[in-house]
Amino acid sequence: MTSTVDSFAELGLSETLLKTLSEIGYETPSPIQAQCIPALLEGHDLIGMAQTGTGKTAAFALPLMEQIDVKVAKPQALILTPTRELAIQVAEALQSYAKNLPGFHVLPIYGGQSYTIQLKQLSRGAHVIVGTPGRVMDHLERKTLNLDSLKTLVLDEADEMLRMGFIDDVEWILERTPAQHQTALFSATMPEQIRRVAQKYLVNPREIKIKSATATVAAIRQVYWQVSGMHKLDALTRILEVEEDFDAAIIFVRTKTATVELADKLNARGYAAAALNGDLNQQMRERVIEQLKSGALDIVIATDVAARGIDVPRVSHVVNYDIPYDTEAYVHRIGRTGRAGRTGNAILFVAPREIRMLRTIERATRSPIAPLTLPSRADVTNKRVTGFKDKVAEVLNAEGLDFFSNIVAQIAEEQNVSAEEVAAALCKMAQEGRPLQVVGEDPPPARAFERDDRRPAAFDRDSRKPRSDERGERGDKPRYEDRPRREDRPARPAPAGDMVRYRIDVGRDNGVEVRDIVGAIANEAGIESRFIGRIGLYDESSTVELPAGMPAEASNALKRTRIRGVPINLRPDEGRPAGSSTGERKFAGGGERKFDGDRSKFKKKTFG
Ligand code: ADP
Ligand code: MG
């Protein structure tokens, strides 16, 4: 981990919150927490740059909670989030951190919810408001939200608010907050407009950036599974069963609570597993590691700190059950395998919203992480059957079967069945409690862009975003939806269906490559990368074919997208007929000057 801070206690938090954190199982602060919490407690304004999943909520929530006076029934902190899902999620997090703060009240307010309900809740007096910019603005305008007692203002996922077109609203709110308050701005990226907002509204801010140090990783096989369609636990056991060369594993999770829970569940499924976390004293910890060494344990479920420095050569696998906070943690974790000259395997579980972290890890370690297709039921069954046959073969080769042959013969005779039928019955007996056949559902086949099937198929880059409803059935038609999966990139088939050619203002002269374009478009517009058509790369601009019928949200997002810092200014390409480009990944030479004259027509409106 980047942070050298091992405990929340070092950060200056109150005993009450420390107790809560311990109760909910947080063991060590994440790097962004380690740096932000002291700065915020000291009262500084702050800019925090870190990706999704790095623990930003607690980074701002804990310090702001220290400042709340529960006796004052007025909003003392306002947190702006881009979406209602996020508002709810952040409010829930605060509520959980407030479990030992009686009377503490946090209220999410967002569009789509009835005003009557919100007004009632507001009038009851919440200490912290978490809301989307539009709805907060409405309440300020109606004077149903009063910020006179505001102490802290947080802009969470500022870049996302910009991307979704909320930055004007955010500024409007910032202009109407009392002069004296602390402001914290969090963003995964720092586009110009956000930088400008920060300069204008933050006072002397501390800037905290979780950098991803580059590091080389040893010859470890690295794969990832994008969590979807199946529980992590089921996926884990399937993978463990089928992995070749499995000997022992260390599984990393975020909380100590999770180490215990997962250990229990794996034990229940017949694995020799134990938890390793900061609650264990040194002696107990050493015992667990000794047991892993000796083979008394095969699996240890650990938090980052607890697993520090473990050197057990038989660890063939490291599983990142919860994604690490940063690349350093990743490198450190996977370094627990591949020791003493043996080959190691690192498996990473990545939720759709964590794809960015996956990319960062790949970039920082300069090694690609390949997608893993989950073993099917048949795969697992085959593996079990093979193992079973091997065991039987072993016994067949051993001495001393005569006594048993005799029994089989007796049973066959008495029951008037063949020896084969007797053998079948014995097999059935032998596998009792550990069935050879896998029952249950198979995960959907690994397809481009697998998504959680509980979610509707509407354009929805992230589960936290409000969905535009009713976009029709998911057919095989190009869809604008979730995040891309990397593996689709290498073999991109020509997409079916109507395509529209667009032009963008970045080209070779900007140092742009095809993958930059695919990545940016897939990410920003939520278009499955396999549906991104041919890309023509020219000196000053490029063309890209995208499915017809792009929803306004996606095209708006793309209008504001930047590649290598340059706004791409996506607009339909009227310059040349589609199809005249030299094909996917082959690029016509020559600058496309002819387009420049037309550019003003498509120039995006200045934003913000
Ligand atoms: P972000 O806002 O950066 O995307 P979140 O604040 O939503 O990240 O945190 C991601 C997950 O990590 C949440 O499930 C949260 O409970 C967990 N988490 C955050 N900080 C810690 C910590 N110090 N120890 C263990 N788990 C943590
Ligand atoms: Mg967050």
# chains A, B, ... in the order shown; residues from 1 in each chain; ligands from 1

$ closest_atom_pairs --of "chain A" --to "ligand 1" --cutoff "7 Å" --atoms "only C-alpha atoms and all ligand atoms" --output "JSON lines"
{"residue": "A:Gly25", "atom": "CA", "partner": "ligand 1", "partner_atom_place_in_ligand_line": "25 (C)", "distance": 6.7}
{"residue": "A:Tyr26", "atom": "CA", "partner": "ligand 1", "partner_atom_place_in_ligand_line": "24 (N)", "distance": 3.8}
{"residue": "A:Glu27", "atom": "CA", "partner": "ligand 1", "partner_atom_place_in_ligand_line": "24 (N)", "distance": 5.5}
{"residue": "A:Thr28", "atom": "CA", "partner": "ligand 1", "partner_atom_place_in_ligand_line": "23 (N)", "distance": 5.0}
{"residue": "A:Pro29", "atom": "CA", "partner": "ligand 1", "partner_atom_place_in_ligand_line": "23 (N)", "distance": 3.9}
{"residue": "A:Ser30", "atom": "CA", "partner": "ligand 1", "partner_atom_place_in_ligand_line": "23 (N)", "distance": 4.8}
{"residue": "A:Ala50", "atom": "CA", "partner": "ligand 1", "partner_atom_place_in_ligand_line": "3 (O)", "distance": 6.7}
{"residue": "A:Gln51", "atom": "CA", "partner": "ligand 1", "partner_atom_place_in_ligand_line": "3 (O)", "distance": 5.8}
{"residue": "A:Thr52", "atom": "CA", "partner": "ligand 1", "partner_atom_place_in_ligand_line": "4 (O)", "distance": 3.4}
{"residue": "A:Gly53", "atom": "CA", "partner": "ligand 1", "partner_atom_place_in_ligand_line": "4 (O)", "distance": 3.4}
{"residue": "A:Thr54", "atom": "CA", "partner": "ligand 1", "partner_atom_place_in_ligand_line": "3 (O)", "distance": 3.8}
{"residue": "A:Gly55", "atom": "CA", "partner": "ligand 1", "partner_atom_place_in_ligand_line": "6 (O)", "distance": 3.5}
{"residue": "A:Lys56", "atom": "CA", "partner": "ligand 1", "partner_atom_place_in_ligand_line": "3 (O)", "distance": 3.8}
{"residue": "A:Thr57", "atom": "CA", "partner": "ligand 1", "partner_atom_place_in_ligand_line": "6 (O)", "distance": 3.7}
{"residue": "A:Ala58", "atom": "CA", "partner": "ligand 1", "partner_atom_place_in_ligand_line": "6 (O)", "distance": 5.6}
{"residue": "A:Arg254", "atom": "CA", "partner": "ligand 1", "partner_atom_place_in_ligand_line": "25 (C)", "distance": 4.5}
{"residue": "A:Thr255", "atom": "CA", "partner": "ligand 1", "partner_atom_place_in_ligand_line": "25 (C)", "distance": 4.5}

$ write_last_selection --atoms "N, CA, C and O atoms" --output "compact mmCIF listing (two decimals), in the first residue's frame"
# COMPACT_ATOMS: atom_id res chain seq x y z
N GLY A 25 -15.47 -3.46 10.54
CA GLY A 25 -14.44 -4.32 9.96
C GLY A 25 -13.36 -3.62 9.15
O GLY A 25 -12.56 -4.27 8.50
N TYR A 26 -13.34 -2.29 9.18
CA TYR A 26 -12.25 -1.60 8.49
C TYR A 26 -11.00 -1.74 9.35
O TYR A 26 -11.02 -1.44 10.53
N GLU A 27 -9.93 -2.20 8.73
CA GLU A 27 -8.74 -2.49 9.51
C GLU A 27 -7.71 -1.38 9.39
O GLU A 27 -7.18 -0.88 10.37
N THR A 28 -7.44 -1.01 8.13
CA THR A 28 -6.47 0.07 7.89
C THR A 28 -7.09 1.08 6.94
O THR A 28 -7.93 0.72 6.12
N PRO A 29 -6.66 2.33 7.03
CA PRO A 29 -7.17 3.31 6.08
C PRO A 29 -6.62 3.03 4.68
O PRO A 29 -5.49 2.57 4.54
N SER A 30 -7.42 3.28 3.68
CA SER A 30 -6.92 3.18 2.32
C SER A 30 -6.01 4.38 2.09
O SER A 30 -6.05 5.35 2.85
N ALA A 50 -8.69 10.28 -7.05
CA ALA A 50 -8.54 8.83 -6.92
C ALA A 50 -9.69 8.17 -7.64
O ALA A 50 -10.76 8.75 -7.81
N GLN A 51 -9.44 6.95 -8.06
CA GLN A 51 -10.44 6.25 -8.85
C GLN A 51 -11.56 5.67 -8.00
O GLN A 51 -11.49 5.66 -6.79
N THR A 52 -12.50 5.12 -8.71
CA THR A 52 -13.60 4.42 -8.06
C THR A 52 -13.05 3.27 -7.21
O THR A 52 -12.11 2.60 -7.63
N GLY A 53 -13.64 3.09 -6.08
CA GLY A 53 -13.28 1.93 -5.27
C GLY A 53 -12.09 2.14 -4.35
O GLY A 53 -11.60 1.21 -3.73
N THR A 54 -11.61 3.38 -4.26
CA THR A 54 -10.43 3.62 -3.44
C THR A 54 -10.80 4.06 -2.02
O THR A 54 -9.94 4.32 -1.21
N GLY A 55 -12.09 4.16 -1.76
CA GLY A 55 -12.52 4.48 -0.40
C GLY A 55 -12.71 5.96 -0.14
O GLY A 55 -12.51 6.44 0.97
N LYS A 56 -13.16 6.67 -1.17
CA LYS A 56 -13.30 8.13 -1.03
C LYS A 56 -14.40 8.51 -0.04
O LYS A 56 -14.29 9.50 0.65
N THR A 57 -15.47 7.72 -0.01
CA THR A 57 -16.59 8.09 0.86
C THR A 57 -16.13 8.28 2.30
O THR A 57 -16.39 9.32 2.90
N ALA A 58 -15.44 7.30 2.84
CA ALA A 58 -14.99 7.43 4.22
C ALA A 58 -13.96 8.55 4.34
O ALA A 58 -13.88 9.22 5.37
N ARG A 254 -11.33 -6.89 1.67
CA ARG A 254 -11.10 -5.57 2.25
C ARG A 254 -11.24 -5.48 3.75
O ARG A 254 -10.51 -4.76 4.39
N THR A 255 -12.21 -6.17 4.29
CA THR A 255 -12.45 -5.99 5.72
C THR A 255 -12.14 -7.26 6.50
O THR A 255 -12.17 -8.36 5.95

$ residues_around --residues "A:Thr343" --least-positions-apart "3" --cutoff "10 Å" --atoms "only C-alpha atoms" --output "PDB file with all heavy atoms, in the first residue's frame"
ATOM      1  N   ALA A 218       6.747 -10.095 -11.179  1.00  0.00           N
ATOM      2  CA  ALA A 218       7.461 -11.297 -11.585  1.00  0.00           C
ATOM      3  C   ALA A 218       6.618 -12.099 -12.572  1.00  0.00           C
ATOM      4  O   ALA A 218       5.489 -11.743 -12.873  1.00  0.00           O
ATOM      5  CB  ALA A 218       7.774 -12.134 -10.355  1.00  0.00           C
ATOM      6  N   ALA A 219       7.172 -13.164 -13.046  1.00  0.00           N
ATOM      7  CA  ALA A 219       6.466 -13.979 -14.028  1.00  0.00           C
ATOM      8  C   ALA A 219       5.294 -14.690 -13.368  1.00  0.00           C
ATOM      9  O   ALA A 219       5.369 -15.848 -13.000  1.00  0.00           O
ATOM     10  CB  ALA A 219       7.419 -14.993 -14.643  1.00  0.00           C
ATOM     11  N   ILE A 220       4.243 -13.939 -13.199  1.00  0.00           N
ATOM     12  CA  ILE A 220       3.046 -14.504 -12.592  1.00  0.00           C
ATOM     13  C   ILE A 220       1.939 -14.455 -13.628  1.00  0.00           C
ATOM     14  O   ILE A 220       1.782 -13.446 -14.316  1.00  0.00           O
ATOM     15  CB  ILE A 220       2.648 -13.681 -11.345  1.00  0.00           C
ATOM     16  CG1 ILE A 220       3.715 -13.840 -10.266  1.00  0.00           C
ATOM     17  CG2 ILE A 220       1.278 -14.101 -10.829  1.00  0.00           C
ATOM     18  CD1 ILE A 220       3.574 -12.871  -9.120  1.00  0.00           C
ATOM     19  N   ARG A 221       1.196 -15.532 -13.757  1.00  0.00           N
ATOM     20  CA  ARG A 221       0.070 -15.522 -14.681  1.00  0.00           C
ATOM     21  C   ARG A 221      -1.035 -14.677 -14.053  1.00  0.00           C
ATOM     22  O   ARG A 221      -1.467 -14.954 -12.943  1.00  0.00           O
ATOM     23  CB  ARG A 221      -0.406 -16.955 -14.908  1.00  0.00           C
ATOM     24  CG  ARG A 221      -1.776 -17.066 -15.540  1.00  0.00           C
ATOM     25  CD  ARG A 221      -2.175 -18.525 -15.688  1.00  0.00           C
ATOM     26  NE  ARG A 221      -3.608 -18.664 -15.828  1.00  0.00           N
ATOM     27  CZ  ARG A 221      -4.427 -19.098 -14.875  1.00  0.00           C
ATOM     28  NH1 ARG A 221      -3.948 -19.452 -13.702  1.00  0.00           N
ATOM     29  NH2 ARG A 221      -5.715 -19.184 -15.100  1.00  0.00           N
ATOM     30  N   ASP A 245      -2.595 -26.921 -11.283  1.00  0.00           N
ATOM     31  CA  ASP A 245      -1.486 -26.662 -10.349  1.00  0.00           C
ATOM     32  C   ASP A 245      -1.915 -25.976  -9.068  1.00  0.00           C
ATOM     33  O   ASP A 245      -1.142 -25.245  -8.474  1.00  0.00           O
ATOM     34  CB  ASP A 245      -0.398 -25.762 -10.980  1.00  0.00           C
ATOM     35  CG  ASP A 245      -0.078 -26.158 -12.390  1.00  0.00           C
ATOM     36  OD1 ASP A 245       0.030 -27.369 -12.632  1.00  0.00           O
ATOM     37  OD2 ASP A 245       0.051 -25.261 -13.237  1.00  0.00           O
ATOM     38  N   PRO A 313       6.156 -20.781   0.068  1.00  0.00           N
ATOM     39  CA  PRO A 313       6.385 -21.185  -1.326  1.00  0.00           C
ATOM     40  C   PRO A 313       5.230 -21.968  -1.950  1.00  0.00           C
ATOM     41  O   PRO A 313       5.025 -21.898  -3.154  1.00  0.00           O
ATOM     42  CB  PRO A 313       7.640 -22.061  -1.236  1.00  0.00           C
ATOM     43  CG  PRO A 313       8.332 -21.608   0.007  1.00  0.00           C
ATOM     44  CD  PRO A 313       7.252 -21.184   0.949  1.00  0.00           C
ATOM     45  N   ARG A 314       4.446 -22.687  -1.133  1.00  0.00           N
ATOM     46  CA  ARG A 314       3.419 -23.486  -1.795  1.00  0.00           C
ATOM     47  C   ARG A 314       2.187 -22.680  -2.208  1.00  0.00           C
ATOM     48  O   ARG A 314       1.251 -23.235  -2.788  1.00  0.00           O
ATOM     49  CB  ARG A 314       3.028 -24.690  -0.937  1.00  0.00           C
ATOM     50  CG  ARG A 314       2.254 -24.437   0.320  1.00  0.00           C
ATOM     51  CD  ARG A 314       1.944 -25.758   1.012  1.00  0.00           C
ATOM     52  NE  ARG A 314       0.723 -26.381   0.513  1.00  0.00           N
ATOM     53  CZ  ARG A 314      -0.487 -26.254   1.083  1.00  0.00           C
ATOM     54  NH1 ARG A 314      -0.638 -25.510   2.168  1.00  0.00           N
ATOM     55  NH2 ARG A 314      -1.530 -26.863   0.583  1.00  0.00           N
ATOM     56  N   VAL A 315       2.180 -21.389  -1.956  1.00  0.00           N
ATOM     57  CA  VAL A 315       1.055 -20.567  -2.401  1.00  0.00           C
ATOM     58  C   VAL A 315       1.094 -20.454  -3.930  1.00  0.00           C
ATOM     59  O   VAL A 315       1.909 -19.739  -4.502  1.00  0.00           O
ATOM     60  CB  VAL A 315       1.074 -19.161  -1.753  1.00  0.00           C
ATOM     61  CG1 VAL A 315       0.017 -18.265  -2.387  1.00  0.00           C
ATOM     62  CG2 VAL A 315       0.845 -19.275  -0.252  1.00  0.00           C
ATOM     63  N   SER A 316       0.222 -21.218  -4.560  1.00  0.00           N
ATOM     64  CA  SER A 316       0.205 -21.247  -6.029  1.00  0.00           C
ATOM     65  C   SER A 316      -0.703 -20.170  -6.592  1.00  0.00           C
ATOM     66  O   SER A 316      -0.596 -19.789  -7.744  1.00  0.00           O
ATOM     67  CB  SER A 316      -0.275 -22.619  -6.520  1.00  0.00           C
ATOM     68  OG  SER A 316      -1.556 -22.896  -5.967  1.00  0.00           O
ATOM     69  N   HIS A 317      -1.629 -19.679  -5.753  1.00  0.00           N
ATOM     70  CA  HIS A 317      -2.625 -18.727  -6.237  1.00  0.00           C
ATOM     71  C   HIS A 317      -2.862 -17.582  -5.257  1.00  0.00           C
ATOM     72  O   HIS A 317      -2.959 -17.815  -4.053  1.00  0.00           O
ATOM     73  CB  HIS A 317      -3.971 -19.438  -6.471  1.00  0.00           C
ATOM     74  CG  HIS A 317      -3.986 -20.296  -7.692  1.00  0.00           C
ATOM     75  ND1 HIS A 317      -3.285 -21.473  -7.782  1.00  0.00           N
ATOM     76  CD2 HIS A 317      -4.612 -20.126  -8.877  1.00  0.00           C
ATOM     77  CE1 HIS A 317      -3.489 -21.999  -8.982  1.00  0.00           C
ATOM     78  NE2 HIS A 317      -4.291 -21.203  -9.676  1.00  0.00           N
ATOM     79  N   THR A 337       2.619 -14.972  -4.280  1.00  0.00           N
ATOM     80  CA  THR A 337       2.717 -16.234  -5.020  1.00  0.00           C
ATOM     81  C   THR A 337       3.935 -16.160  -5.945  1.00  0.00           C
ATOM     82  O   THR A 337       4.593 -15.136  -6.020  1.00  0.00           O
ATOM     83  CB  THR A 337       1.423 -16.518  -5.813  1.00  0.00           C
ATOM     84  OG1 THR A 337       1.563 -17.777  -6.491  1.00  0.00           O
ATOM     85  CG2 THR A 337       1.128 -15.448  -6.837  1.00  0.00           C
ATOM     86  N   GLY A 338       4.210 -17.259  -6.624  1.00  0.00           N
ATOM     87  CA  GLY A 338       5.364 -17.288  -7.521  1.00  0.00           C
ATOM     88  C   GLY A 338       6.668 -17.161  -6.764  1.00  0.00           C
ATOM     89  O   GLY A 338       7.619 -16.542  -7.216  1.00  0.00           O
ATOM     90  N   ARG A 339       6.710 -17.730  -5.591  1.00  0.00           N
ATOM     91  CA  ARG A 339       7.912 -17.596  -4.774  1.00  0.00           C
ATOM     92  C   ARG A 339       8.805 -18.815  -4.929  1.00  0.00           C
ATOM     93  O   ARG A 339       8.378 -19.842  -5.393  1.00  0.00           O
ATOM     94  CB  ARG A 339       7.522 -17.386  -3.308  1.00  0.00           C
ATOM     95  CG  ARG A 339       6.674 -16.142  -3.145  1.00  0.00           C
ATOM     96  CD  ARG A 339       6.397 -15.820  -1.720  1.00  0.00           C
ATOM     97  NE  ARG A 339       7.520 -15.136  -1.072  1.00  0.00           N
ATOM     98  CZ  ARG A 339       7.735 -13.830  -1.142  1.00  0.00           C
ATOM     99  NH1 ARG A 339       6.975 -13.071  -1.886  1.00  0.00           N
ATOM    100  NH2 ARG A 339       8.726 -13.272  -0.479  1.00  0.00           N
ATOM    101  N   ALA A 340      10.052 -18.622  -4.543  1.00  0.00           N
ATOM    102  CA  ALA A 340      11.045 -19.699  -4.597  1.00  0.00           C
ATOM    103  C   ALA A 340      11.083 -20.344  -5.976  1.00  0.00           C
ATOM    104  O   ALA A 340      11.111 -21.557  -6.118  1.00  0.00           O
ATOM    105  CB  ALA A 340      10.751 -20.741  -3.509  1.00  0.00           C
TER     106      ALA A 340
END

$ residues_near_ligand --ligand "ligand 2" --cutoff "12 Å" --atoms "only C-alpha atoms and all ligand atoms" --output "number ranges by chain"
A: 32, 48-61, 79-83, 85-94, 154-160, 185-188, 353-354, 464

$ write_last_selection --atoms "C-alpha atoms" --output "compact mmCIF listing (two decimals), in the first residue's frame"
# COMPACT_ATOMS: atom_id res chain seq x y z
CA ILE A 32 -6.71 8.23 -0.02
CA GLY A 48 -8.71 14.47 -3.93
CA MET A 49 -7.92 12.52 -7.04
CA ALA A 50 -8.54 8.83 -6.92
CA GLN A 51 -10.44 6.25 -8.85
CA THR A 52 -13.60 4.42 -8.06
CA GLY A 53 -13.28 1.93 -5.27
CA THR A 54 -10.43 3.62 -3.44
CA GLY A 55 -12.52 4.48 -0.40
CA LYS A 56 -13.30 8.13 -1.03
CA THR A 57 -16.59 8.09 0.86
CA ALA A 58 -14.99 7.43 4.22
CA ALA A 59 -12.17 9.82 3.30
CA PHE A 60 -14.57 12.75 3.39
CA ALA A 61 -17.39 11.34 5.50
CA ILE A 79 -22.49 16.31 -0.34
CA LEU A 80 -23.20 16.62 -4.04
CA THR A 81 -23.12 13.47 -6.12
CA PRO A 82 -23.82 13.01 -9.82
CA THR A 83 -26.55 10.40 -9.50
CA GLU A 85 -27.91 5.91 -6.74
CA LEU A 86 -24.67 7.42 -5.58
CA ALA A 87 -26.50 9.82 -3.27
CA ILE A 88 -28.27 6.89 -1.66
CA GLN A 89 -25.08 4.87 -1.46
CA VAL A 90 -23.14 7.70 0.17
CA ALA A 91 -25.99 8.39 2.59
CA GLU A 92 -26.04 4.72 3.56
CA ALA A 93 -22.30 4.75 4.12
CA LEU A 94 -22.63 7.77 6.40
CA VAL A 154 -18.23 17.90 -0.70
CA LEU A 155 -18.28 17.50 -4.46
CA ASP A 156 -18.09 13.77 -5.02
CA GLU A 157 -17.17 12.48 -8.48
CA ALA A 158 -16.81 16.00 -9.83
CA ASP A 159 -15.71 14.81 -13.25
CA GLU A 160 -18.80 12.70 -13.50
CA LEU A 185 -13.65 18.08 -4.26
CA PHE A 186 -13.15 14.50 -5.36
CA SER A 187 -12.62 13.42 -8.91
CA ALA A 188 -11.06 10.51 -10.74
CA ARG A 353 -17.40 -0.10 -11.88
CA GLU A 354 -13.85 -1.11 -11.09
CA ARG A 464 -25.39 4.21 -10.01

$ closest_residue --among "A:Ile109, A:Lys71, A:Ser22, A:Leu145" --to "A:Asn277" --atoms "only C-alpha atoms"
A:Ser22

$ closest_residue --among "A:Ile334, A:Ala393, A:Leu13, A:Leu119" --to "A:Leu140" --atoms "only C-alpha atoms"
A:Leu119

$ closest_residue --among "A:Ile47, A:Val305, A:Met137, A:Ala370" --to "A:Val5" --atoms "only C-alpha atoms"
A:Val305

$ residues_around --residues "A:Gln193" --least-positions-apart "4" --cutoff "12 Å" --atoms "only C-alpha atoms" --output "VMD selection string"
chain A and resid 158 to 163 165 to 168 170 to 171 187 189 197 to 200 560 567 606 to 608
